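Note sheet for the following structure.
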Amino acid sequence: MIGSRLTHPLAPPPVFQRQLRPLRRGGCRALLLLLLLLLLPSSARSERIFFAGYKGGFYIRSEEEGGMALRLGGAFQADYRYFLEAARADNRFDIRRARLRFDGDLTRWVRYRLAYEFQGNETSNLVDAYAELGTVPRSLRMGQFKVPFSLEWQTRDKGLYFAERSFGFSLGPGRDIGVMLHGTVWRGRCTYAIGGFNGDGPDGSTRGNESDDPEAAARLVVAPFKGGGPVWLQNLQIGGAGTYAAIDTANLRLGVKSPGMFGGSRSLYRLSHDTKFGVLREVGDRWRLGLEAFWSHGPIALAGEAIHLRFTGLEPAGESARDANFSAGYLSAMWAFTGEAFILSQGVVQPLYPHRFFNPEAGTWGAFVLAARYARFQGDADWITPGAHVSVRQADSGSLAINWLLFPMYRLVLDLSHTSMSDRIRVRVRPDGTVDYVDEETVFTLRMGLDF
């Protein structure tokens, strides 16, 4: 941590203070000094000291215990993607993320965060906007933030070691507006979160015409051997999460993406209120269930999740109501072959901190992490429009990535992902009217990531 002291701008300048010293020698001079001090603003009578520096982000905070603090952070990701399939016309450079974040403390009991995304392909620009009351054991949060669901979703980008998240991300709830109670019990071994949300996504998302029934969400993870037990089990964590909402037809939207489809409009499965059977007249409930596990020992880590999404009571015009079911899961392995250890804290994987920063003059090169992942998606064949070629029944994906962490806030990622699909999907229509299809995707992603 780098820090320095900043004095309050209204404090008397040093030159002024030196000019006042001779006046202390006599009684009249002392009286004059007293009058001068009384005329100064009260905030200038005492020196207030502030500290500035860097610790997971640039910050400025007051000296007082429990005083105010402001942290400035953000994320920037620049990609180059190359597809091996000749039918794909997607080879290009891209700005994947360009995010600015402000967070801090008003007192030791009140915290806040504001985050804005300048890259607008997949967001409504406002990312996080919330205030929080409480301390580390338990806090009450209200505003817009991540719905408590899935280890992969709760872990920030710099704590993940692939260019993109797995299929399960598309089945999850994302961000929403609501209230959440979260914290830890059992000496930090158990992390919980429970809340109520609008159920229709971030601010600015499409809203339905029906009454606003809130969505309930909860996540519970347990690390039973944390702080005790066998050393090789202390970073074992298992848990589950679920959400439930009675939704409106406008909230029925699903777009499942492969690793090469993130950042664009293409998906490998689509479901909305306009189906092959016609416009849906009624919808029922939306259920999500997720199971997760994570284990690490020193520089080796394993993770896995299974997620199921179910829509009930989908009733097309002139048809009987029925359900739609989707599932996804992954298994992944990570190895920091420069020796850094993976750490769990408050139910999520923390970003890796290099033992030695990049400095060629000193012969140090940062940290290196090798990661491998297998993922599968299964869609509901009953809701695939025949001949549309926009959805597949099943997709399997394998990813291999090498991460070079030059500094804690800067890294390069090279990711190779291959996805095979059970059905063809349409990727483009040529000027002569012919259509190109693919049933597999092989994509190289080179990423420069800055997260401070």
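The chains in the structure tokens are called A, B, ... from first to last as shown; in each chain the residues are counted from 1, and the ligands are counted from 1 in the order shown.
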
Give me the residues of region 96-159 of chain A that have any atom at most 12 Å from an atom of region 211-222 of chain A; for each, the nearest atom pair and the distance in Å, rounded to one decimal. Use only C-alpha atoms, sort by chain and number, and format it as JSON lines.
```
{"residue": "A:Lys146", "atom": "CA", "partner": "A:Ala217", "partner_atom": "CA", "distance": 10.8}
{"residue": "A:Val147", "atom": "CA", "partner": "A:Ala217", "partner_atom": "CA", "distance": 7.1}
{"residue": "A:Pro148", "atom": "CA", "partner": "A:Arg219", "partner_atom": "CA", "distance": 5.6}
{"residue": "A:Phe149", "atom": "CA", "partner": "A:Arg219", "partner_atom": "CA", "distance": 5.9}
{"residue": "A:Ser150", "atom": "CA", "partner": "A:Arg219", "partner_atom": "CA", "distance": 7.9}
{"residue": "A:Leu151", "atom": "CA", "partner": "A:Val221", "partner_atom": "CA", "distance": 9.2}
{"residue": "A:Trp153", "atom": "CA", "partner": "A:Arg219", "partner_atom": "CA", "distance": 11.8}
{"residue": "A:Gln154", "atom": "CA", "partner": "A:Arg219", "partner_atom": "CA", "distance": 10.4}
```

Limited to N, CA and C atoms, could you put the picked residues into a file as a compact mmCIF listing (two decimals), in the first residue's frame?
```txt
# COMPACT_ATOMS: atom_id res chain seq x y z
N LYS A 146 -25.42 -7.28 -8.03
CA LYS A 146 -25.51 -8.67 -8.45
C LYS A 146 -26.49 -9.43 -7.56
N VAL A 147 -27.41 -10.16 -8.19
CA VAL A 147 -28.31 -11.03 -7.45
C VAL A 147 -27.49 -12.19 -6.89
N PRO A 148 -27.68 -12.59 -5.63
CA PRO A 148 -26.86 -13.66 -5.05
C PRO A 148 -27.17 -15.01 -5.68
N PHE A 149 -26.33 -15.42 -6.63
CA PHE A 149 -26.53 -16.68 -7.33
C PHE A 149 -25.24 -17.03 -8.07
N SER A 150 -24.71 -18.24 -7.85
CA SER A 150 -23.59 -18.79 -8.61
C SER A 150 -22.24 -18.23 -8.17
N LEU A 151 -21.30 -19.13 -7.90
CA LEU A 151 -19.93 -18.76 -7.56
C LEU A 151 -19.27 -18.01 -8.72
N TRP A 153 -20.63 -16.20 -11.03
CA TRP A 153 -21.19 -14.87 -11.19
C TRP A 153 -20.74 -13.94 -10.08
N GLN A 154 -20.65 -14.42 -8.85
CA GLN A 154 -20.26 -13.56 -7.74
C GLN A 154 -18.78 -13.19 -7.78
```

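The protein and nucleic acid residues lying at most 6 Å from Asp415 (chain A) are Leu400, Ala401, Phe444 and Thr445 of chain A, with only C-alpha atoms considered and sequence neighbours fewer than 2 positions away removed.
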
Can you tell me, as an NGL selection string, which residues in region 204-366 of chain A count as helix (DSSP H, G or I) by DSSP? :A and (231-233 or 249-251 or 360-362)

Take the selection from the previous step and output its residues with C-alpha atoms, as an mmCIF file, in the first residue's frame.
```cif
data_model
loop_
_atom_site.group_PDB
_atom_site.id
_atom_site.type_symbol
_atom_site.label_atom_id
_atom_site.label_comp_id
_atom_site.auth_asym_id
_atom_site.auth_seq_id
_atom_site.Cartn_x
_atom_site.Cartn_y
_atom_site.Cartn_z
ATOM 1 C CA VAL A 231 -4.719 -28.218 5.699
ATOM 2 C CA TRP A 232 -5.643 -29.590 2.274
ATOM 3 C CA LEU A 233 -9.370 -29.156 3.056
ATOM 4 C CA THR A 249 -44.505 -12.175 -20.561
ATOM 5 C CA ALA A 250 -42.127 -9.235 -21.036
ATOM 6 C CA ASN A 251 -39.710 -10.872 -18.574
ATOM 7 C CA PRO A 360 12.705 -7.330 -16.524
ATOM 8 C CA GLU A 361 15.598 -5.367 -15.021
ATOM 9 C CA ALA A 362 15.296 -7.424 -11.846
#
```

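CA of Leu309 (chain A) sits 6.1 Å away from CA of Ser327 (chain A).
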
List as CSV every residue of region 248-307 of chain A that is in contact with region 335-351 of chain A, defined as an atom at most 6 Å from one of its atoms (using only C-alpha atoms), together with the nearest atom pair and the distance in Å rounded to one decimal, sorted by chain and then rising number.
```
residue,atom,partner,partner_atom,distance
A:Gly298,CA,A:Ala341,CA,4.3
A:Pro299,CA,A:Ala341,CA,4.5
A:Ile300,CA,A:Trp335,CA,4.7
```

Atoms to include: N, CA and C atoms. Write the selected residues as a short mmCIF file (atom, residue, chain, number, x, y, z; two decimals), in the first residue's frame.
```cif
data_model
loop_
_atom_site.label_atom_id
_atom_site.label_comp_id
_atom_site.auth_asym_id
_atom_site.auth_seq_id
_atom_site.Cartn_x
_atom_site.Cartn_y
_atom_site.Cartn_z
N GLY A 298 -2.96 -24.44 -2.11
CA GLY A 298 -1.81 -23.76 -2.67
C GLY A 298 -2.11 -23.26 -4.08
N PRO A 299 -1.26 -23.62 -5.06
CA PRO A 299 -1.41 -23.07 -6.41
C PRO A 299 -2.38 -23.84 -7.31
N ILE A 300 -3.12 -24.80 -6.77
CA ILE A 300 -4.04 -25.61 -7.57
C ILE A 300 -5.47 -25.39 -7.08
#
```

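Atom to atom, CA of Arg376 (chain A) and CA of Ala395 (chain A) stand 5.7 Å apart.
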
For Leu252 (chain A), which of A:Gly143, A:Gly318, A:Gly201, A:Gly264 is the closest residue, counting only C-alpha atoms?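 So, comparing all the options, the nearest one is A:Gly201.
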
Considering only C-alpha atoms, return as an MDAnalysis selection string whatever protein or nucleic-acid residues lie within 12 Å of region 407-410 of chain A, sequence-local ones (same chain, fewer than 2 positions apart) excluded. chainID A and resid 54:58 73:78 157:159 340 350:359 364:368 403:405 412:413 447:452

In terms of the shortest atom-to-atom distance over only C-alpha atoms, which of A:Leu133, A:Val185, A:Leu106, A:Ala98 is closest to Arg61 (chain A)? A:Leu106

Find the residues near Leu140 (chain A): any atom within 12 Å, counting only C-alpha atoms, skip ones fewer than 6 places away on the same chain, and give them as a ChimeraX atom specification. /A:109-112,130-134,178-183,193-196

Could you pull out all residues of region 29-188 of chain A with a DSSP call of strand (DSSP E) and give them as number ranges by chain? A: 49-54, 58-62, 69-83, 92-105, 110-117, 126-134, 138-146, 175-185

What is the distance between CA of Ala381 (chain A) and CA of Ser332 (chain A), in Å to one decimal?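 According to the coordinates, CA of Ala381 (chain A) and CA of Ser332 (chain A) are separated by 27.2 Å.
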
Set the distance at 6 Å and use only C-alpha atoms: which residues neighbour Leu314 (chain A) once local chain neighbours fewer than 6 positions away are removed? I'd like the list as a ChimeraX atom specification. /A:282-283,321-323

Residues at most 9 Å from region 426-435 of chain A, counting only C-alpha atoms, excluding those fewer than 5 positions away in the same chain, as a PyMOL selection string? chain A and resi 87-89+266+388-390
